[in-house]
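Enquirer: Sending over protein21.pdb (PDB, C-alpha atoms).
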MODEL        1
ATOM      1  CA  GLU Z  25      70.064 290.435 -28.458  1.00  0.00           C
ATOM      2  CA  SER Z  26      70.638 288.217 -25.417  1.00  0.00           C
ATOM      3  CA  ALA Z  27      68.168 285.667 -26.802  1.00  0.00           C
ATOM      4  CA  ALA Z  28      70.550 285.080 -29.690  1.00  0.00           C
ATOM      5  CA  LEU Z  29      73.353 284.340 -27.237  1.00  0.00           C
ATOM      6  CA  ASP Z  30      71.087 282.011 -25.267  1.00  0.00           C
ATOM      7  CA  CYS Z  31      70.283 280.147 -28.468  1.00  0.00           C
ATOM      8  CA  PHE Z  32      73.952 279.853 -29.306  1.00  0.00           C
ATOM      9  CA  GLU Z  33      74.686 278.131 -25.991  1.00  0.00           C
ATOM     10  CA  SER Z  34      71.786 275.687 -26.044  1.00  0.00           C
ATOM     11  CA  THR Z  35      69.863 273.602 -28.486  1.00  0.00           C
ATOM     12  CA  LYS Z  36      67.337 275.263 -30.749  1.00  0.00           C
ATOM     13  CA  LEU Z  37      64.480 273.454 -28.998  1.00  0.00           C
ATOM     14  CA  GLU Z  38      65.627 274.575 -25.556  1.00  0.00           C
ATOM     15  CA  CYS Z  39      66.015 278.096 -26.844  1.00  0.00           C
ATOM     16  CA  LEU Z  40      62.504 278.175 -28.266  1.00  0.00           C
ATOM     17  CA  GLN Z  41      61.079 276.676 -25.077  1.00  0.00           C
ATOM     18  CA  ASN Z  42      62.815 279.320 -22.972  1.00  0.00           C
ATOM     19  CA  GLU Z  43      61.647 282.142 -25.215  1.00  0.00           C
ATOM     20  CA  ASN Z  44      58.097 280.779 -25.153  1.00  0.00           C
ATOM     21  CA  ARG Z  45      58.185 280.559 -21.346  1.00  0.00           C
ATOM     22  CA  LYS Z  46      59.374 284.161 -21.129  1.00  0.00           C
ATOM     23  CA  GLN Z  47      56.649 285.311 -23.483  1.00  0.00           C
ATOM     24  CA  VAL Z  48      53.950 283.387 -21.610  1.00  0.00           C
ATOM     25  CA  THR Z  49      55.148 284.888 -18.327  1.00  0.00           C
ATOM     26  CA  MET Z  50      55.051 288.395 -19.783  1.00  0.00           C
ATOM     27  CA  LEU Z  51      51.560 287.806 -21.173  1.00  0.00           C
ATOM     28  CA  GLU Z  52      50.339 286.420 -17.829  1.00  0.00           C
ATOM     29  CA  GLU Z  53      51.682 289.492 -16.048  1.00  0.00           C
ATOM     30  CA  GLU Z  54      49.981 291.778 -18.572  1.00  0.00           C
ATOM     31  CA  LEU Z  55      46.721 289.844 -18.219  1.00  0.00           C
ATOM     32  CA  ASN Z  56      46.849 290.182 -14.433  1.00  0.00           C
ATOM     33  CA  ARG Z  57      47.551 293.920 -14.714  1.00  0.00           C
ATOM     34  CA  LEU Z  58      44.621 294.364 -17.099  1.00  0.00           C
ATOM     35  CA  ARG Z  59      42.299 292.376 -14.831  1.00  0.00           C
ATOM     36  CA  VAL Z  60      43.188 294.607 -11.895  1.00  0.00           C
ATOM     37  CA  GLU Z  61      42.607 297.695 -14.033  1.00  0.00           C
ATOM     38  CA  ARG Z  62      39.263 296.320 -15.263  1.00  0.00           C
ATOM     39  CA  ASP Z  63      38.133 295.605 -11.705  1.00  0.00           C
ATOM     40  CA  GLU Z  64      39.096 299.125 -10.614  1.00  0.00           C
ATOM     41  CA  LEU Z  65      37.145 300.606 -13.527  1.00  0.00           C
ATOM     42  CA  HIS Z  66      34.096 298.470 -12.700  1.00  0.00           C
ATOM     43  CA  ARG Z  67      34.204 299.740  -9.102  1.00  0.00           C
ATOM     44  CA  TYR Z  68      34.512 303.318 -10.344  1.00  0.00           C
ATOM     45  CA  VAL Z  69      31.536 302.908 -12.698  1.00  0.00           C
ATOM     46  CA  ARG Z  70      29.437 301.441  -9.857  1.00  0.00           C
ATOM     47  CA  GLU Z  71      30.331 304.418  -7.656  1.00  0.00           C
ATOM     48  CA  LEU Z  72      29.367 306.838 -10.438  1.00  0.00           C
ATOM     49  CA  GLU Z  73      26.068 305.028 -10.950  1.00  0.00           C
ATOM     50  CA  GLN Z  74      25.300 305.252  -7.222  1.00  0.00           C
ATOM     51  CA  VAL Z  75      26.065 308.976  -7.166  1.00  0.00           C
ATOM     52  CA  ASN Z  76      23.936 309.457 -10.270  1.00  0.00           C
ATOM     53  CA  ASP Z  77      21.033 307.565  -8.688  1.00  0.00           C
ATOM     54  CA  HIS Z  78      21.336 309.724  -5.570  1.00  0.00           C
ATOM     55  CA  LEU Z  79      21.326 312.921  -7.638  1.00  0.00           C
ATOM     56  CA  GLU Z  80      18.301 311.757  -9.640  1.00  0.00           C
ATOM     57  CA  ARG Z  81      16.388 310.953  -6.427  1.00  0.00           C
ATOM     58  CA  ALA Z  82      17.304 314.340  -4.963  1.00  0.00           C
ATOM     59  CA  HIS Z  83      16.208 316.084  -8.151  1.00  0.00           C
ATOM     60  CA  ARG Z  84      12.802 314.344  -8.072  1.00  0.00           C
ATOM     61  CA  SER Z  85      12.206 315.345  -4.443  1.00  0.00           C
TER      62      SER Z  85
ENDMDL
END
Taking this structure as input, can you express it in the form of structure tokens?

Expert:
Amino acid sequence: ESAALDCFESTKLECLQNENRKQVTMLEEELNRLRVERDELHRYVRELEQVNDHLERAHRS
């Protein structure tokens, strides 16, 4: 793997720091993606609740 080559060319500490930075970056990107998805789902649920409320009001009329 390329990480092994990176470690070979630098100190072990630098290698671990670089790998940790990469992992943190990947996790931050995943967190941001999940937050966007969560927000979209919350909006969708609110829309469904509004439609449901409208249908219930119409049914009672």

Enquirer: Just the number, please: distance in Å from CA of Lys46 (chain Z) to CA of Asp63 (chain Z), one decimal.

Expert: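 Value for the CA of Lys46 (chain Z)-CA of Asp63 (chain Z) distance: 25.9 Å.
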
Enquirer: Between CA of Leu58 (chain Z) and CA of Arg45 (chain Z), what is the distance, to one decimal in Å?

Expert: 19.8 Å

Enquirer: Record the distance separating CA of Glu73 (chain Z) and CA of Asn56 (chain Z), expressed in Å with one decimal.

Expert: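 According to the coordinates, CA of Glu73 (chain Z) and CA of Asn56 (chain Z) are separated by 25.8 Å.
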
Enquirer: My structure is short of atoms at region 38-69 of chain Z; please model N, CA and C atoms there, returning them as a CSV table (one decimal), in the coordinates of the input.

Expert:
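Below is the file rebuild_24.csv, written as the result:
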chain,number,residue,atom,x,y,z
Z,38,GLU,N,65.6,274.0,-26.9
Z,38,GLU,CA,65.6,274.6,-25.6
Z,38,GLU,C,65.5,276.1,-25.7
Z,39,CYS,N,66.1,276.7,-26.6
Z,39,CYS,CA,66.0,278.1,-26.8
Z,39,CYS,C,64.6,278.5,-27.1
Z,40,LEU,N,63.9,277.8,-28.0
Z,40,LEU,CA,62.5,278.2,-28.3
Z,40,LEU,C,61.6,278.0,-27.0
Z,41,GLN,N,61.9,276.9,-26.3
Z,41,GLN,CA,61.1,276.7,-25.1
Z,41,GLN,C,61.3,277.8,-24.1
Z,42,ASN,N,62.5,278.2,-23.9
Z,42,ASN,CA,62.8,279.3,-23.0
Z,42,ASN,C,62.2,280.6,-23.4
Z,43,GLU,N,62.3,280.9,-24.7
Z,43,GLU,CA,61.6,282.1,-25.2
Z,43,GLU,C,60.1,282.1,-25.1
Z,44,ASN,N,59.5,280.9,-25.3
Z,44,ASN,CA,58.1,280.8,-25.2
Z,44,ASN,C,57.7,281.0,-23.7
Z,45,ARG,N,58.5,280.4,-22.8
Z,45,ARG,CA,58.2,280.6,-21.3
Z,45,ARG,C,58.2,282.0,-20.9
Z,46,LYS,N,59.3,282.7,-21.4
Z,46,LYS,CA,59.4,284.2,-21.1
Z,46,LYS,C,58.2,284.9,-21.7
Z,47,GLN,N,57.8,284.6,-22.9
Z,47,GLN,CA,56.6,285.3,-23.5
Z,47,GLN,C,55.4,285.0,-22.7
Z,48,VAL,N,55.2,283.8,-22.4
Z,48,VAL,CA,54.0,283.4,-21.6
Z,48,VAL,C,53.9,284.1,-20.3
Z,49,THR,N,55.1,284.2,-19.6
Z,49,THR,CA,55.1,284.9,-18.3
Z,49,THR,C,54.8,286.4,-18.5
Z,50,MET,N,55.4,287.0,-19.5
Z,50,MET,CA,55.1,288.4,-19.8
Z,50,MET,C,53.6,288.6,-20.1
Z,51,LEU,N,53.0,287.7,-20.8
Z,51,LEU,CA,51.6,287.8,-21.2
Z,51,LEU,C,50.7,287.6,-19.9
Z,52,GLU,N,51.1,286.7,-19.1
Z,52,GLU,CA,50.3,286.4,-17.8
Z,52,GLU,C,50.4,287.7,-16.9
Z,53,GLU,N,51.6,288.3,-16.9
Z,53,GLU,CA,51.7,289.5,-16.0
Z,53,GLU,C,50.8,290.6,-16.6
Z,54,GLU,N,50.8,290.8,-17.9
Z,54,GLU,CA,50.0,291.8,-18.6
Z,54,GLU,C,48.5,291.5,-18.3
Z,55,LEU,N,48.1,290.2,-18.5
Z,55,LEU,CA,46.7,289.8,-18.2
Z,55,LEU,C,46.3,290.2,-16.8
Z,56,ASN,N,47.2,289.9,-15.8
Z,56,ASN,CA,46.8,290.2,-14.4
Z,56,ASN,C,46.7,291.7,-14.2
Z,57,ARG,N,47.6,292.5,-14.8
Z,57,ARG,CA,47.6,293.9,-14.7
Z,57,ARG,C,46.2,294.4,-15.3
Z,58,LEU,N,45.9,293.9,-16.5
Z,58,LEU,CA,44.6,294.4,-17.1
Z,58,LEU,C,43.4,294.0,-16.3
Z,59,ARG,N,43.4,292.8,-15.7
Z,59,ARG,CA,42.3,292.4,-14.8
Z,59,ARG,C,42.1,293.3,-13.6
Z,60,VAL,N,43.2,293.7,-13.0
Z,60,VAL,CA,43.2,294.6,-11.9
Z,60,VAL,C,42.6,295.9,-12.4
Z,61,GLU,N,43.1,296.4,-13.5
Z,61,GLU,CA,42.6,297.7,-14.0
Z,61,GLU,C,41.1,297.6,-14.4
Z,62,ARG,N,40.7,296.5,-14.9
Z,62,ARG,CA,39.3,296.3,-15.3
Z,62,ARG,C,38.4,296.4,-14.0
Z,63,ASP,N,38.9,295.6,-13.0
Z,63,ASP,CA,38.1,295.6,-11.7
Z,63,ASP,C,38.0,297.0,-11.1
Z,64,GLU,N,39.1,297.8,-11.1
Z,64,GLU,CA,39.1,299.1,-10.6
Z,64,GLU,C,38.1,300.0,-11.4
Z,65,LEU,N,38.1,299.8,-12.7
Z,65,LEU,CA,37.1,300.6,-13.5
Z,65,LEU,C,35.7,300.2,-13.3
Z,66,HIS,N,35.5,298.9,-13.0
Z,66,HIS,CA,34.1,298.5,-12.7
Z,66,HIS,C,33.6,299.1,-11.4
Z,67,ARG,N,34.5,299.1,-10.4
Z,67,ARG,CA,34.2,299.7,-9.1
Z,67,ARG,C,33.9,301.2,-9.3
Z,68,TYR,N,34.7,301.9,-10.1
Z,68,TYR,CA,34.5,303.3,-10.3
Z,68,TYR,C,33.2,303.6,-11.0
Z,69,VAL,N,32.8,302.8,-12.0
Z,69,VAL,CA,31.5,302.9,-12.7
Z,69,VAL,C,30.4,302.7,-11.7
